[in-house]
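Peer 1: Following this line is work04.pdb, made up of PDB, C-alpha atoms:
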ATOM      1  CA  MET A  10      -2.310   6.540  -9.671  1.00  0.00           C
ATOM      2  CA  ALA A  11      -0.861   4.517 -12.516  1.00  0.00           C
ATOM      3  CA  LEU A  12      -2.106   1.026 -13.202  1.00  0.00           C
ATOM      4  CA  GLY A  13      -0.116  -1.621 -11.416  1.00  0.00           C
ATOM      5  CA  THR A  14       1.107   0.697  -8.695  1.00  0.00           C
ATOM      6  CA  VAL A  15       0.194   0.488  -5.064  1.00  0.00           C
ATOM      7  CA  THR A  16      -0.392   3.527  -2.898  1.00  0.00           C
ATOM      8  CA  ALA A  17       1.800   3.531   0.183  1.00  0.00           C
ATOM      9  CA  PRO A  18      -0.194   3.707   3.421  1.00  0.00           C
ATOM     10  CA  TYR A  19       0.996   7.251   4.103  1.00  0.00           C
ATOM     11  CA  GLU A  20       0.170   8.667   0.675  1.00  0.00           C
ATOM     12  CA  PRO A  21      -3.123  10.496   0.182  1.00  0.00           C
ATOM     13  CA  ARG A  22      -5.674   8.599  -1.901  1.00  0.00           C
ATOM     14  CA  PHE A  23      -8.167  10.099  -4.306  1.00  0.00           C
ATOM     15  CA  ASP A  24     -10.098   7.100  -5.605  1.00  0.00           C
ATOM     16  CA  THR A  25     -13.515   7.476  -3.983  1.00  0.00           C
ATOM     17  CA  GLY A  26     -15.131   9.444  -6.792  1.00  0.00           C
ATOM     18  CA  ARG A  27     -16.015  12.529  -4.705  1.00  0.00           C
ATOM     19  CA  ILE A  28     -13.867  15.084  -2.927  1.00  0.00           C
ATOM     20  CA  CYS A  29     -15.968  14.879   0.246  1.00  0.00           C
ATOM     21  CA  LEU A  30     -15.400  11.102   0.321  1.00  0.00           C
ATOM     22  CA  ASP A  31     -11.687  11.619  -0.337  1.00  0.00           C
ATOM     23  CA  LEU A  32     -11.656  13.790   2.795  1.00  0.00           C
ATOM     24  CA  LEU A  33     -13.299  10.966   4.769  1.00  0.00           C
ATOM     25  CA  ALA A  34     -10.604   8.596   3.500  1.00  0.00           C
ATOM     26  CA  THR A  35      -7.896  10.652   5.210  1.00  0.00           C
ATOM     27  CA  THR A  36      -8.399   8.665   8.423  1.00  0.00           C
ATOM     28  CA  HIS A  37      -7.317   5.337   6.932  1.00  0.00           C
ATOM     29  CA  PRO A  38      -5.084   3.543   7.710  1.00  0.00           C
ATOM     30  CA  GLU A  39      -4.015   6.343  10.015  1.00  0.00           C
ATOM     31  CA  GLU A  40      -4.556  10.093  10.378  1.00  0.00           C
ATOM     32  CA  ARG A  41      -3.280  11.791   7.224  1.00  0.00           C
ATOM     33  CA  LEU A  42      -4.138  15.408   8.044  1.00  0.00           C
ATOM     34  CA  ASP A  43      -1.844  15.690  11.049  1.00  0.00           C
ATOM     35  CA  SER A  44       0.179  18.671   9.862  1.00  0.00           C
ATOM     36  CA  VAL A  45      -0.095  21.764   7.709  1.00  0.00           C
ATOM     37  CA  ALA A  46       2.297  20.215   5.170  1.00  0.00           C
ATOM     38  CA  ALA A  47       0.167  17.044   4.911  1.00  0.00           C
ATOM     39  CA  LEU A  48      -2.974  19.130   4.468  1.00  0.00           C
ATOM     40  CA  ARG A  49      -1.343  21.254   1.772  1.00  0.00           C
ATOM     41  CA  ALA A  50      -0.370  18.075  -0.100  1.00  0.00           C
ATOM     42  CA  TRP A  51      -3.928  16.747   0.241  1.00  0.00           C
ATOM     43  CA  ILE A  52      -5.496  20.014  -0.965  1.00  0.00           C
ATOM     44  CA  THR A  53      -3.266  20.066  -4.039  1.00  0.00           C
ATOM     45  CA  GLY A  54      -3.569  16.325  -4.709  1.00  0.00           C
ATOM     46  CA  SER A  55      -7.355  16.414  -4.432  1.00  0.00           C
ATOM     47  CA  GLY A  56      -7.617  19.032  -7.158  1.00  0.00           C
ATOM     48  CA  LEU A  57      -9.163  21.632  -4.873  1.00  0.00           C
ATOM     49  CA  VAL A  58      -6.553  24.018  -6.235  1.00  0.00           C
ATOM     50  CA  PRO A  59      -4.306  23.939  -9.306  1.00  0.00           C
ATOM     51  CA  GLY A  60      -0.982  22.235  -8.600  1.00  0.00           C
ATOM     52  CA  ASP A  61       1.096  25.414  -8.571  1.00  0.00           C
ATOM     53  CA  THR A  62      -1.184  27.322  -6.153  1.00  0.00           C
ATOM     54  CA  SER A  63       0.654  28.734  -3.174  1.00  0.00           C
ATOM     55  CA  LEU A  64      -0.744  27.592   0.154  1.00  0.00           C
ATOM     56  CA  ALA A  65       1.987  29.233   2.231  1.00  0.00           C
ATOM     57  CA  HIS A  66      -0.665  31.188   4.138  1.00  0.00           C
ATOM     58  CA  ALA A  67      -2.194  27.970   5.578  1.00  0.00           C
ATOM     59  CA  ASP A  68      -1.574  27.858   9.309  1.00  0.00           C
ATOM     60  CA  THR A  69      -2.001  25.354  12.113  1.00  0.00           C
ATOM     61  CA  SER A  70      -5.740  26.053  12.368  1.00  0.00           C
ATOM     62  CA  TRP A  71      -6.338  24.581   8.910  1.00  0.00           C
ATOM     63  CA  PRO A  72      -5.857  20.854   9.668  1.00  0.00           C
ATOM     64  CA  ALA A  73      -8.224  21.098  12.644  1.00  0.00           C
ATOM     65  CA  ALA A  74     -10.890  22.776  10.484  1.00  0.00           C
ATOM     66  CA  PHE A  75     -10.632  20.105   7.776  1.00  0.00           C
ATOM     67  CA  ARG A  76     -10.733  17.321  10.392  1.00  0.00           C
ATOM     68  CA  GLU A  77     -13.809  18.971  11.938  1.00  0.00           C
ATOM     69  CA  LEU A  78     -15.615  18.983   8.574  1.00  0.00           C
ATOM     70  CA  ARG A  79     -14.574  15.364   8.064  1.00  0.00           C
ATOM     71  CA  GLY A  80     -16.101  14.495  11.435  1.00  0.00           C
ATOM     72  CA  GLN A  81     -19.373  16.149  10.448  1.00  0.00           C
ATOM     73  CA  LEU A  82     -19.471  14.328   7.104  1.00  0.00           C
ATOM     74  CA  ALA A  83     -18.905  10.836   8.497  1.00  0.00           C
ATOM     75  CA  PRO A  84     -22.344  10.230  10.058  1.00  0.00           C
ATOM     76  CA  LEU A  85     -24.099  11.839   7.096  1.00  0.00           C
ATOM     77  CA  VAL A  86     -22.368   9.695   4.491  1.00  0.00           C
ATOM     78  CA  ARG A  87     -22.059   6.425   6.388  1.00  0.00           C
ATOM     79  CA  GLY A  88     -25.603   6.451   7.758  1.00  0.00           C
ATOM     80  CA  ARG A  89     -28.903   7.579   6.431  1.00  0.00           C
ATOM     81  CA  PRO A  90     -29.515  11.105   7.714  1.00  0.00           C
ATOM     82  CA  ALA A  91     -32.817  11.142   9.529  1.00  0.00           C
ATOM     83  CA  PRO A  92     -34.650  14.238  10.722  1.00  0.00           C
ATOM     84  CA  GLY A  93     -34.793  14.459  14.479  1.00  0.00           C
ATOM     85  CA  VAL A  94     -31.564  12.551  15.129  1.00  0.00           C
ATOM     86  CA  PRO A  95     -29.526  15.167  17.030  1.00  0.00           C
ATOM     87  CA  SER A  96     -26.098  14.109  15.745  1.00  0.00           C
ATOM     88  CA  HIS A  97     -27.312  14.136  12.127  1.00  0.00           C
ATOM     89  CA  ASP A  98     -29.139  17.446  12.572  1.00  0.00           C
ATOM     90  CA  LEU A  99     -26.041  19.115  14.047  1.00  0.00           C
ATOM     91  CA  ALA A 100     -23.730  17.627  11.409  1.00  0.00           C
ATOM     92  CA  LEU A 101     -26.036  18.682   8.594  1.00  0.00           C
ATOM     93  CA  ALA A 102     -26.352  22.204  10.008  1.00  0.00           C
ATOM     94  CA  ARG A 103     -22.556  22.523  10.182  1.00  0.00           C
ATOM     95  CA  VAL A 104     -22.046  21.225   6.623  1.00  0.00           C
ATOM     96  CA  ASN A 105     -24.704  23.631   5.356  1.00  0.00           C
ATOM     97  CA  GLU A 106     -23.038  26.479   7.240  1.00  0.00           C
ATOM     98  CA  LEU A 107     -19.641  25.712   5.718  1.00  0.00           C
ATOM     99  CA  ALA A 108     -21.189  25.431   2.229  1.00  0.00           C
ATOM    100  CA  ARG A 109     -22.360  29.075   2.386  1.00  0.00           C
ATOM    101  CA  ALA A 110     -18.895  30.561   1.893  1.00  0.00           C
ATOM    102  CA  ALA A 111     -17.886  31.495  -1.632  1.00  0.00           C
ATOM    103  CA  PRO A 112     -15.550  28.939  -3.227  1.00  0.00           C
ATOM    104  CA  PRO A 113     -12.220  30.085  -4.686  1.00  0.00           C
ATOM    105  CA  ALA A 114     -12.697  32.076  -7.884  1.00  0.00           C
ATOM    106  CA  PRO A 115     -11.065  30.383 -10.898  1.00  0.00           C
ATOM    107  CA  ARG A 116      -9.600  32.173 -13.904  1.00  0.00           C
ATOM    108  CA  ALA A 117      -8.476  30.934 -17.298  1.00  0.00           C
ATOM    109  CA  VAL A 118      -5.013  32.288 -18.140  1.00  0.00           C
ATOM    110  CA  PRO A 119      -2.518  31.458 -20.867  1.00  0.00           C
ATOM    111  CA  GLY A 120       0.069  28.911 -19.748  1.00  0.00           C
ATOM    112  CA  GLU A 121       3.695  28.698 -20.821  1.00  0.00           C
ATOM    113  CA  ASP A 122       2.738  26.932 -24.045  1.00  0.00           C
ATOM    114  CA  GLY A 123      -0.125  29.349 -24.777  1.00  0.00           C
ATOM    115  CA  ALA A 124      -2.890  26.883 -23.863  1.00  0.00           C
ATOM    116  CA  LEU A 125      -5.390  28.100 -21.298  1.00  0.00           C
ATOM    117  CA  VAL A 126      -4.852  26.820 -17.763  1.00  0.00           C
ATOM    118  CA  ARG A 127      -6.847  27.226 -14.582  1.00  0.00           C
ATOM    119  CA  ARG A 128      -5.529  29.559 -11.885  1.00  0.00           C
ATOM    120  CA  LEU A 129      -7.192  30.979  -8.821  1.00  0.00           C
ATOM    121  CA  ASP A 130      -7.878  34.683  -8.522  1.00  0.00           C
ATOM    122  CA  GLY A 131      -5.777  34.807  -5.371  1.00  0.00           C
ATOM    123  CA  PRO A 132      -4.612  32.625  -2.513  1.00  0.00           C
ATOM    124  CA  PRO A 133      -7.616  30.519  -1.461  1.00  0.00           C
ATOM    125  CA  GLY A 134      -8.843  30.994   2.078  1.00  0.00           C
ATOM    126  CA  ARG A 135      -9.623  28.159   4.445  1.00  0.00           C
ATOM    127  CA  ALA A 136     -13.370  28.905   4.413  1.00  0.00           C
ATOM    128  CA  ALA A 137     -13.432  28.913   0.604  1.00  0.00           C
ATOM    129  CA  LEU A 138     -11.753  25.506   0.379  1.00  0.00           C
ATOM    130  CA  LEU A 139     -13.999  24.030   3.070  1.00  0.00           C
ATOM    131  CA  ALA A 140     -16.985  25.397   1.117  1.00  0.00           C
ATOM    132  CA  VAL A 141     -15.989  23.411  -1.968  1.00  0.00           C
ATOM    133  CA  ILE A 142     -15.947  20.183   0.035  1.00  0.00           C
ATOM    134  CA  ALA A 143     -19.165  21.022   1.907  1.00  0.00           C
ATOM    135  CA  ARG A 144     -20.935  21.849  -1.379  1.00  0.00           C
ATOM    136  CA  ASP A 145     -19.771  18.539  -2.829  1.00  0.00           C
ATOM    137  CA  ALA A 146     -21.256  16.815   0.227  1.00  0.00           C
ATOM    138  CA  VAL A 147     -24.547  18.694  -0.196  1.00  0.00           C
ATOM    139  CA  ASP A 148     -24.655  17.620  -3.849  1.00  0.00           C
ATOM    140  CA  LEU A 149     -23.948  14.004  -2.885  1.00  0.00           C
ATOM    141  CA  LEU A 150     -26.463  13.917  -0.043  1.00  0.00           C
ATOM    142  CA  THR A 151     -29.250  15.426  -2.138  1.00  0.00           C
ATOM    143  CA  ASP A 152     -28.724  13.350  -5.287  1.00  0.00           C
ATOM    144  CA  PRO A 153     -30.651  10.060  -4.984  1.00  0.00           C
ATOM    145  CA  ALA A 154     -28.686   8.383  -7.800  1.00  0.00           C
ATOM    146  CA  ALA A 155     -25.333   9.309  -6.251  1.00  0.00           C
ATOM    147  CA  ARG A 156     -26.496   8.178  -2.791  1.00  0.00           C
ATOM    148  CA  ALA A 157     -27.630   4.865  -4.266  1.00  0.00           C
ATOM    149  CA  SER A 158     -24.149   4.392  -5.742  1.00  0.00           C
ATOM    150  CA  LEU A 159     -22.370   4.748  -2.395  1.00  0.00           C
ATOM    151  CA  ARG A 160     -20.554   1.595  -1.316  1.00  0.00           C
ATOM    152  CA  GLN A 161     -18.547   0.577   1.715  1.00  0.00           C
ATOM    153  CA  CYS A 162     -15.270  -1.110   0.784  1.00  0.00           C
ATOM    154  CA  GLU A 163     -15.360  -4.872   1.388  1.00  0.00           C
ATOM    155  CA  GLY A 164     -11.673  -4.925   2.315  1.00  0.00           C
ATOM    156  CA  ASP A 165     -10.772  -6.150   5.797  1.00  0.00           C
ATOM    157  CA  ASN A 166     -10.920  -3.239   8.239  1.00  0.00           C
ATOM    158  CA  CYS A 167     -11.321  -0.690   5.442  1.00  0.00           C
ATOM    159  CA  PRO A 168     -13.774   2.091   6.331  1.00  0.00           C
ATOM    160  CA  ILE A 169     -13.596   3.864   2.973  1.00  0.00           C
ATOM    161  CA  VAL A 170     -16.866   4.779   1.271  1.00  0.00           C
ATOM    162  CA  TYR A 171     -16.789   5.343  -2.488  1.00  0.00           C
ATOM    163  CA  VAL A 172     -19.107   6.016  -5.413  1.00  0.00           C
ATOM    164  CA  ASP A 173     -19.526   2.872  -7.504  1.00  0.00           C
ATOM    165  CA  THR A 174     -19.620   3.942 -11.138  1.00  0.00           C
ATOM    166  CA  SER A 175     -18.528   0.551 -12.450  1.00  0.00           C
ATOM    167  CA  ARG A 176     -20.475  -1.244 -15.124  1.00  0.00           C
ATOM    168  CA  GLY A 177     -23.171  -3.286 -13.425  1.00  0.00           C
ATOM    169  CA  ARG A 178     -22.404  -1.563 -10.102  1.00  0.00           C
ATOM    170  CA  ARG A 179     -20.325  -4.531  -8.917  1.00  0.00           C
ATOM    171  CA  ARG A 180     -17.222  -2.787  -7.599  1.00  0.00           C
ATOM    172  CA  ARG A 181     -16.229  -4.362  -4.275  1.00  0.00           C
ATOM    173  CA  TRP A 182     -13.210  -2.398  -3.106  1.00  0.00           C
ATOM    174  CA  CYS A 183     -12.212   1.225  -2.725  1.00  0.00           C
ATOM    175  CA  SER A 184      -9.154   0.367  -4.787  1.00  0.00           C
ATOM    176  CA  SER A 185      -8.393  -2.794  -6.708  1.00  0.00           C
ATOM    177  CA  GLU A 186      -4.689  -2.061  -6.251  1.00  0.00           C
ATOM    178  CA  VAL A 187      -4.952  -1.747  -2.456  1.00  0.00           C
ATOM    179  CA  CYS A 188      -7.862  -3.628  -0.867  1.00  0.00           C
ATOM    180  CA  GLY A 189      -8.537  -5.792  -3.923  1.00  0.00           C
ATOM    181  CA  ASN A 190      -4.927  -6.916  -4.038  1.00  0.00           C
ATOM    182  CA  ARG A 191      -4.974  -7.733  -0.317  1.00  0.00           C
ATOM    183  CA  GLU A 192      -8.103  -9.842  -0.809  1.00  0.00           C
ATOM    184  CA  ARG A 193      -6.580 -11.714  -3.762  1.00  0.00           C
ATOM    185  CA  VAL A 194      -3.399 -12.440  -1.772  1.00  0.00           C
ATOM    186  CA  ALA A 195      -5.434 -13.645   1.230  1.00  0.00           C
ATOM    187  CA  ARG A 196      -7.570 -15.876  -1.023  1.00  0.00           C
ATOM    188  CA  HIS A 197      -4.402 -17.354  -2.602  1.00  0.00           C
ATOM    189  CA  ARG A 198      -2.931 -18.043   0.838  1.00  0.00           C
ATOM    190  CA  ARG A 199      -6.131 -19.782   1.965  1.00  0.00           C
ATOM    191  CA  ARG A 200      -6.121 -21.997  -1.141  1.00  0.00           C
ATOM    192  CA  ALA A 201      -2.425 -22.806  -0.680  1.00  0.00           C
ATOM    193  CA  ALA A 202      -3.002 -23.715   2.983  1.00  0.00           C
ATOM    194  CA  LEU A 203      -5.912 -26.003   2.036  1.00  0.00           C
ATOM    195  CA  ALA A 204      -3.787 -27.666  -0.652  1.00  0.00           C
ATOM    196  CA  ARG A 205      -1.025 -28.351   1.868  1.00  0.00           C
ATOM    197  CA  ALA A 206      -3.479 -29.789   4.409  1.00  0.00           C
TER     198      ALA A 206
END
Would you mind giving the structure from this file in structure tokens?
Peer 2:
Amino acid sequence: MALGTVTAPYEPRFDTGRICLDLLATTHPEERLDSVAALRAWITGSGLVPGDTSLAHADTSWPAAFRELRGQLAPLVRGRPAPGVPSHDLALARVNELARAAPPAPRAVPGEDGALVRRLDGPPGRAALLAVIARDAVDLLTDPAARASLRQCEGDNCPIVYVDTSRGRRRRWCSSEVCGNRERVARHRRRAALARA
């Protein structure tokens, strides 16, 4: 996203710092993985596959599988996983199960200009793509420094969780252009209303 631009509510966002958190963000402000076409756009936009990778083989079972993984990730990321809590145990078992599949195999091939570009060895399967996200979640959940950097957006009604890599760890919003801008506008309106009163 270019500086000074605002993401439309229906566009996928990739500003959380982790692909597993980007998947969680697909519920806000509304469901974004409601069709195969929307999922294909998200997979490409997230960088799971190179931009020119064909995903024509994706079928109607794919969005449900990605939404299911998202549902398993939510309690693990938003809460502190605790042994013995049935919902966390089941979610963790499912994420670990999905992480077992082999991720898509990358290759370096010469591009049109002769520079090496990344391509996949073949069309990526659903299980392989889910494995990439599940492995990212495992990495996040098992890295104390990354877990300590997780933040909940302070924007009104924004459920997005992101990794705060800002200097001083003082980032407040998932996106300065989206939630930060809304907060600045609301603050300006409050000041203007007080000045008029």
Peer 1: Interatomic distance between atom CA of Leu57 of chain A and atom CA of Leu99 of chain A?
Peer 2: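 Between atom CA of Leu57 of chain A and atom CA of Leu99 of chain A the gap is 25.5 Å.
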Peer 1: Would you pick out the contacts of segment 152-158 of chain A at 7 Å or less, using all atoms listed in the file, so that residues sharing its chain but fewer than 3 positions from it are not included, and give the list as a list in words?
Peer 2: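 Non-adjacent residues within range: Asp148, Leu149, Val172 and Asp173 of chain A.
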Peer 1: What does the structure give for the distance between atom CA of Gly134 of chain A and atom CA of Arg103 of chain A, in Å to one decimal?
Peer 2: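 The value is 18.0 Å.
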Peer 1: Can you measure atom CA of Ala206 of chain A to atom CA of Asn190 of chain A for me? One decimal in Å is fine.
Peer 2: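 Going from atom CA of Ala206 of chain A over to atom CA of Asn190 of chain A covers 24.4 Å.
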Peer 1: What lies within 8 Å of Pro59 of chain A using only C-alpha atoms, ignoring chain neighbours under 4 positions off, as a PyMOL selection string?
Peer 2: chain A and resi 53+127-129
Peer 1: Once you count only C-alpha atoms, which residues end up no further than 10 Å from (4.8, 25.6, -3.3) in the file's frame, shown as a list in words?
Peer 2: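 So the residues meeting the distance criterion are Arg49, Ala50, Thr53, Gly60, Asp61, Thr62, Ser63, Leu64 and Ala65 of chain A.
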Peer 1: Which is closest to Gln161 of chain A among A:Leu139, A:Gly131, A:Val86, A:Gly56, if we use only C-alpha atoms?
Peer 2: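 Residue with the minimum atom-to-atom distance to Gln161 of chain A: A:Val86.
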Peer 1: Using all atoms listed in the file, determine which residues lie at most 7 Å from segment 110-123 of chain A, disregarding the query and same-chain residues fewer than 6 positions distant; provide the list as a list of chain:residue names.
Peer 2: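 The residues that qualify are A:Leu129, A:Asp130, A:Pro133, A:Ala136, A:Ala137, A:Leu138, A:Ala140, A:Val141.
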Peer 1: Would you mind telling me which residue in A:Glu20, A:Glu39, A:Glu106, A:Asp68 lies nearest to Pro168 of chain A when using only C-alpha atoms?
Peer 2: A:Glu39
Peer 1: If you apply the PyMOL selection byres ((chain A and resi 73) around 12) to this file, what residues do you get, as a PyMOL selection string?
Peer 2: chain A and resi 40-45+48+67-72+74-80+135+139
Peer 1: Assuming the chain letters and numbering stay as they are in my file, what does the PyMOL selection byres ((chain A and resi 33) around 8) actually select? List them as a PyMOL selection string.
Peer 2: chain A and resi 29-32+34-36+79+82-83+169-170
